[in-house]
Each structure stands twice: as C-alpha cells, then as structure tokens.
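Novice: Okay, so here is start10.txt, and as you'll see once you scroll down, it has compact mmCIF, C-alpha atoms.
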# COMPACT_ATOMS: atom_id res chain seq x y z
CA MET U 217 102.80 -20.78 -130.67
CA ARG U 218 101.57 -19.69 -127.26
CA ILE U 219 98.55 -21.61 -126.09
CA SER U 220 97.14 -18.57 -124.29
CA SER U 221 97.31 -16.58 -127.52
CA GLU U 222 95.42 -19.31 -129.32
CA LEU U 223 92.68 -19.41 -126.66
CA ARG U 224 92.32 -15.65 -126.20
CA PRO U 225 89.93 -15.12 -129.17
CA LEU U 226 87.57 -17.82 -127.90
CA LEU U 227 87.42 -16.25 -124.44
CA ALA U 228 87.04 -12.77 -125.93
CA GLU U 229 83.81 -13.92 -127.64
CA TYR U 230 82.41 -14.23 -124.11
CA ASN U 231 84.07 -11.04 -122.83
CA LEU U 232 86.45 -13.07 -120.68
CA THR U 233 90.17 -12.97 -120.08
CA GLY U 234 92.24 -16.05 -119.30
CA PRO U 235 92.38 -15.28 -115.57
CA GLN U 236 88.62 -14.61 -115.47
CA TRP U 237 88.00 -17.96 -117.15
CA ALA U 238 90.25 -19.61 -114.55
CA VAL U 239 88.05 -18.17 -111.77
CA LEU U 240 84.81 -19.28 -113.47
CA HIS U 241 86.17 -22.74 -114.23
CA THR U 242 87.46 -23.17 -110.66
CA LEU U 243 84.10 -22.14 -109.21
CA ASP U 244 82.31 -24.41 -111.69
CA LYS U 245 84.36 -27.38 -110.46
CA ALA U 246 83.84 -26.48 -106.78
CA ALA U 247 80.84 -27.26 -104.61
CA PRO U 248 77.61 -25.47 -105.57
CA GLU U 249 77.94 -23.41 -102.37
CA GLY U 250 80.97 -21.70 -103.89
CA LEU U 251 84.41 -21.05 -102.44
CA ARG U 252 85.87 -18.69 -99.91
CA LEU U 253 87.88 -16.00 -101.69
CA SER U 254 90.95 -17.17 -99.77
CA GLU U 255 90.46 -20.73 -101.05
CA LEU U 256 89.91 -19.47 -104.58
CA SER U 257 93.16 -17.53 -104.31
CA ARG U 258 94.98 -20.63 -103.05
CA ARG U 259 93.61 -22.86 -105.81
CA LEU U 260 94.53 -20.35 -108.51
CA ARG U 261 97.91 -19.67 -106.89
CA VAL U 262 97.46 -15.90 -107.01
CA THR U 263 97.26 -13.26 -104.31
CA GLU U 264 93.98 -12.46 -102.63
CA GLY U 265 94.29 -8.97 -104.13
CA ASN U 266 94.35 -10.48 -107.63
CA VAL U 267 91.30 -12.59 -106.85
CA THR U 268 89.46 -9.55 -105.51
CA GLY U 269 89.98 -7.68 -108.79
CA LEU U 270 88.91 -10.66 -110.88
CA VAL U 271 85.85 -11.25 -108.71
CA ASP U 272 84.94 -7.55 -108.95
CA ARG U 273 84.87 -7.70 -112.75
CA LEU U 274 83.01 -11.01 -112.90
CA GLU U 275 80.47 -9.78 -110.37
CA GLU U 276 79.93 -6.59 -112.41
CA GLY U 277 79.29 -8.84 -115.41
CA GLY U 278 76.68 -10.83 -113.50
CA LEU U 279 78.63 -14.08 -113.66
CA ILE U 280 79.36 -14.52 -109.96
CA VAL U 281 78.00 -13.24 -106.69
CA ARG U 282 79.71 -12.56 -103.37
CA ILE U 283 77.96 -13.97 -100.33
CA PRO U 284 78.96 -13.04 -96.79
CA TYR U 285 79.49 -16.10 -94.61
CA SER U 286 77.06 -15.90 -91.69
CA GLU U 287 79.47 -17.49 -89.20
CA ASP U 288 82.30 -15.00 -89.82
CA ARG U 289 81.75 -11.53 -91.31
CA ARG U 290 85.34 -11.48 -92.58
CA VAL U 291 84.74 -14.46 -94.88
CA ILE U 292 83.28 -13.94 -98.34
CA ILE U 293 82.08 -16.78 -100.54
CA ALA U 294 82.17 -16.49 -104.35
CA ARG U 295 79.51 -18.44 -106.20
CA LEU U 296 78.49 -18.71 -109.85
CA THR U 297 75.20 -17.11 -110.81
CA ALA U 298 72.79 -18.83 -113.20
CA GLU U 299 74.35 -16.76 -115.98
CA GLY U 300 77.83 -17.78 -114.83
CA ASN U 301 76.81 -21.45 -114.94
CA GLU U 302 75.41 -20.93 -118.43
CA VAL U 303 78.62 -19.27 -119.66
CA CYS U 304 80.72 -22.08 -118.18
CA GLY U 305 78.49 -24.62 -119.88
CA ARG U 306 79.02 -22.92 -123.25
CA VAL U 307 82.72 -22.07 -122.94
CA ALA U 308 84.06 -25.29 -121.38
CA PRO U 309 83.40 -27.62 -124.34
CA LEU U 310 84.69 -25.04 -126.83
CA PHE U 311 87.79 -24.45 -124.70
CA LEU U 312 88.46 -28.19 -124.50
CA GLN U 313 87.87 -28.63 -128.23
CA ARG U 314 90.35 -25.85 -129.02
CA LEU U 315 92.95 -27.41 -126.71
CA GLU U 316 92.43 -30.77 -128.42
CA GLU U 317 92.94 -29.10 -131.81
CA LEU U 318 96.15 -27.47 -130.62
CA PHE U 319 97.55 -30.69 -129.21
CA SER U 320 96.48 -32.82 -132.18
CA ALA U 321 99.76 -31.87 -133.84
CA LEU U 322 101.47 -34.20 -131.36
CA SER U 323 101.52 -37.95 -131.86
CA ALA U 324 99.49 -40.06 -129.45
CA GLU U 325 102.70 -41.16 -127.70
CA ARG U 326 103.85 -37.58 -127.22
CA ARG U 327 100.46 -36.53 -125.86
CA VAL U 328 100.60 -39.38 -123.34
CA ALA U 329 104.15 -38.45 -122.37
CA LEU U 330 103.21 -34.78 -122.02
CA THR U 331 100.17 -35.66 -119.92
CA GLU U 332 102.27 -37.85 -117.64
CA ALA U 333 104.94 -35.16 -117.28
CA LEU U 334 102.36 -32.48 -116.46
CA GLU U 335 100.63 -34.75 -113.94
CA GLN U 336 104.00 -35.38 -112.26
CA LEU U 337 104.68 -31.63 -112.11
CA ALA U 338 101.20 -30.92 -110.74
CA LYS U 339 101.34 -33.46 -107.88
CA PRO U 340 103.21 -31.24 -105.42
CA LEU U 341 100.87 -28.35 -106.32
CA GLU U 342 97.63 -30.20 -105.64
CA PRO U 343 95.77 -28.97 -102.57
CA GLU U 344 95.59 -31.25 -99.57
CA GLU U 345 92.15 -32.80 -99.20
CA ALA U 346 91.56 -31.42 -95.72
CA ALA U 347 92.51 -27.91 -96.82
CA CYS U 348 89.71 -27.91 -99.40
CA THR U 349 86.91 -28.36 -96.89
CA GLU U 350 84.48 -25.50 -97.32
CA PRO U 351 81.82 -24.24 -94.98
CA GLU U 352 78.23 -25.21 -95.55
CA SER U 353 76.15 -22.90 -97.62
CA PRO U 354 75.81 -19.59 -95.79
CA ALA U 355 72.05 -20.02 -96.09
CA ALA U 356 72.14 -23.47 -94.47
CA GLY U 357 73.53 -22.41 -91.09
CA ASP U 358 73.89 -24.78 -88.17
CA GLY U 359 71.05 -23.64 -86.00
CA LYS U 360 72.96 -20.89 -84.18
Please express what this file holds, its structure, as structure tokens.
Specialist:
Amino acid sequence: MRISSELRPLLAEYNLTGPQWAVLHTLDKAAPEGLRLSELSRRLRVTEGNVTGLVDRLEEGGLIVRIPYSEDRRVIIARLTAEGNEVCGRVAPLFLQRLEELFSALSAERRVALTEALEQLAKPLEPEEAACTEPESPAAGDGK
C-alpha cells in the first residue's frame, strides 16, 4: 500500500494533487501574511521552479494569491485566499482522519515507534528558526 495512492482520491474530490495540498497546508500553517516563494520552496524541499508551477495552478483555481513585496520587487509572497482557507479547513480534518485510518492497522507501540523514528529523521530537515522570519505584510510597510 502506498499512502499517497490512498490519499489521492480524497484530494481529487477537491481538485488537488498531493503537491498542491502540500503548498496549501504549508501556507495554512504559516503566518497569515503568507510566505515568500523562496521560503515556500525551502520548506517543501523543492525547486523554486516547481513552486512556481504549483502556485500558478493554485492561483488559477482561486486558492492562493501572489502579492508583490513592496520593499523588494523581486520578492513575491504567496498567501491563501478566503477560498483557500475554506478548502484547507475542509480537507485537513479529512486528510488526518484518512491517515489515522491507514495507520490504525499498526499497534499502539508500533505507531509510537514509527512516530519517534520519523521525528528523529525530520530533525536535521527542520528549518532554523531565524531562517523562517518573514517580512511584515506587504500592506503594513514600515513608513518608507
């Protein structure tokens, strides 16, 4: 059984792919101001070109919006739209429920062991706290 294969039908109900859901979920967990595309790329561990394509499709679907950063024209911020927030709110609990169903075949001890092993593997991949600092909302500005 491949977990992605098991989750694909759920995401398809919302016209999402796995990578698109990863973008939405990452933005949902980020600050309300959104994330720089470069930071989104770093958090997802994909190239900026991959993020650009995913953001294009999600923007076309009305789920996210690109906002130019007023302090630097080269920087683009991706932010969830109201519709994107709504989709995340509907998909996230269903996604989690499906994962719980898939992992229910494991005993409690095995789930704990798997969780601990995955946390250990993820530690070196976690972003440094300072690297996650995002600019203020482009609308907020700093008086310049």
Novice: If we count all atoms listed in the file, what is near Gly305 in chain U at a cut-off of 12 Å, once residues fewer than 6 positions away on the same chain are taken out, given as a list in words?
Specialist: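 So, after excluding close chain neighbours, the residues are Tyr230, Trp237, Leu240, His241, Asp244, Lys245, Leu296, Ala298, Glu299, Phe311 and Leu312 of chain U.
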Novice: Nearest to Val281 in chain U among U:Leu334, U:Leu253, U:Val307, U:Val262, with distances taken over all atoms listed in the file: which residue is it?
Specialist: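 Residue with the minimum atom-to-atom distance to Val281 in chain U: U:Leu253.
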Novice: Go through U:Leu341, U:Leu223, U:Leu243, U:Val303 one by one, measure the shortest atom-to-atom distance of each to Glu316 in chain U using only C-alpha atoms, and give the residue with the smallest value.
Specialist: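 Of U:Leu341, U:Leu223, U:Leu243, U:Val303, the one nearest Glu316 in chain U is U:Leu223, counting only C-alpha atoms.
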Novice: Nearest to Ile219 in chain U: which of U:Ile293, U:Arg314, U:Pro340, U:Ala308 is it, counting all atoms listed in the file?
Specialist: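 Of all the options, U:Arg314 lies closest to Ile219 in chain U.
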Novice: Rounded to one decimal, what separation in Å do you get between CA of Gly234 in chain U and CA of Glu276 in chain U?
Specialist: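 Calculated distance between CA of Gly234 in chain U and CA of Glu276 in chain U is 17.0 Å.
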Novice: Go through U:Arg290, U:Arg273, U:Thr268, U:Thr331 one by one, measure the shortest atom-to-atom distance of each to Thr233 in chain U using all atoms listed in the file, and give the residue with the smallest value.
Specialist: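 When distances to Thr233 in chain U are compared using all atoms listed in the file, the smallest one comes from U:Arg273.
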Novice: Nearest to Ile280 in chain U among U:Leu227, U:Ala247, U:Ala321, U:Val239, with distances taken over all atoms listed in the file: which residue is it?
Specialist: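 Checking each of U:Leu227, U:Ala247, U:Ala321, U:Val239 against Ile280 in chain U, counting all atoms listed in the file, the winner is U:Val239.
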Novice: So what do you get for CA of Gly265 in chain U versus CA of Lys339 in chain U, distance-wise?
Specialist: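 Separation of CA of Gly265 in chain U and CA of Lys339 in chain U: 25.8 Å.
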Novice: Work out how far apart CA of Glu264 in chain U and CA of Gln236 in chain U are and give it in Å to one decimal.
Specialist: 14.1 Å
Novice: Name the closest residue to Glu255 in chain U among the candidates U:Ala294, U:Ala338, U:Arg326, U:Leu274; distances are taken between atoms, counting only C-alpha atoms.
Specialist: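 Closest candidate: U:Ala294.
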Novice: Around all the atoms of range 233-247 of chain U listed in the file, with 3 Å of room on each side, what axis-aligned box do you get, giving centre and edge lengths in Å to one decimal, as lines of an AutoDock Vina configuration file?
Specialist:
center_x = 86.6
center_y = -20.2
center_z = -112.3
size_x = 17.5
size_y = 20.4
size_z = 21.5
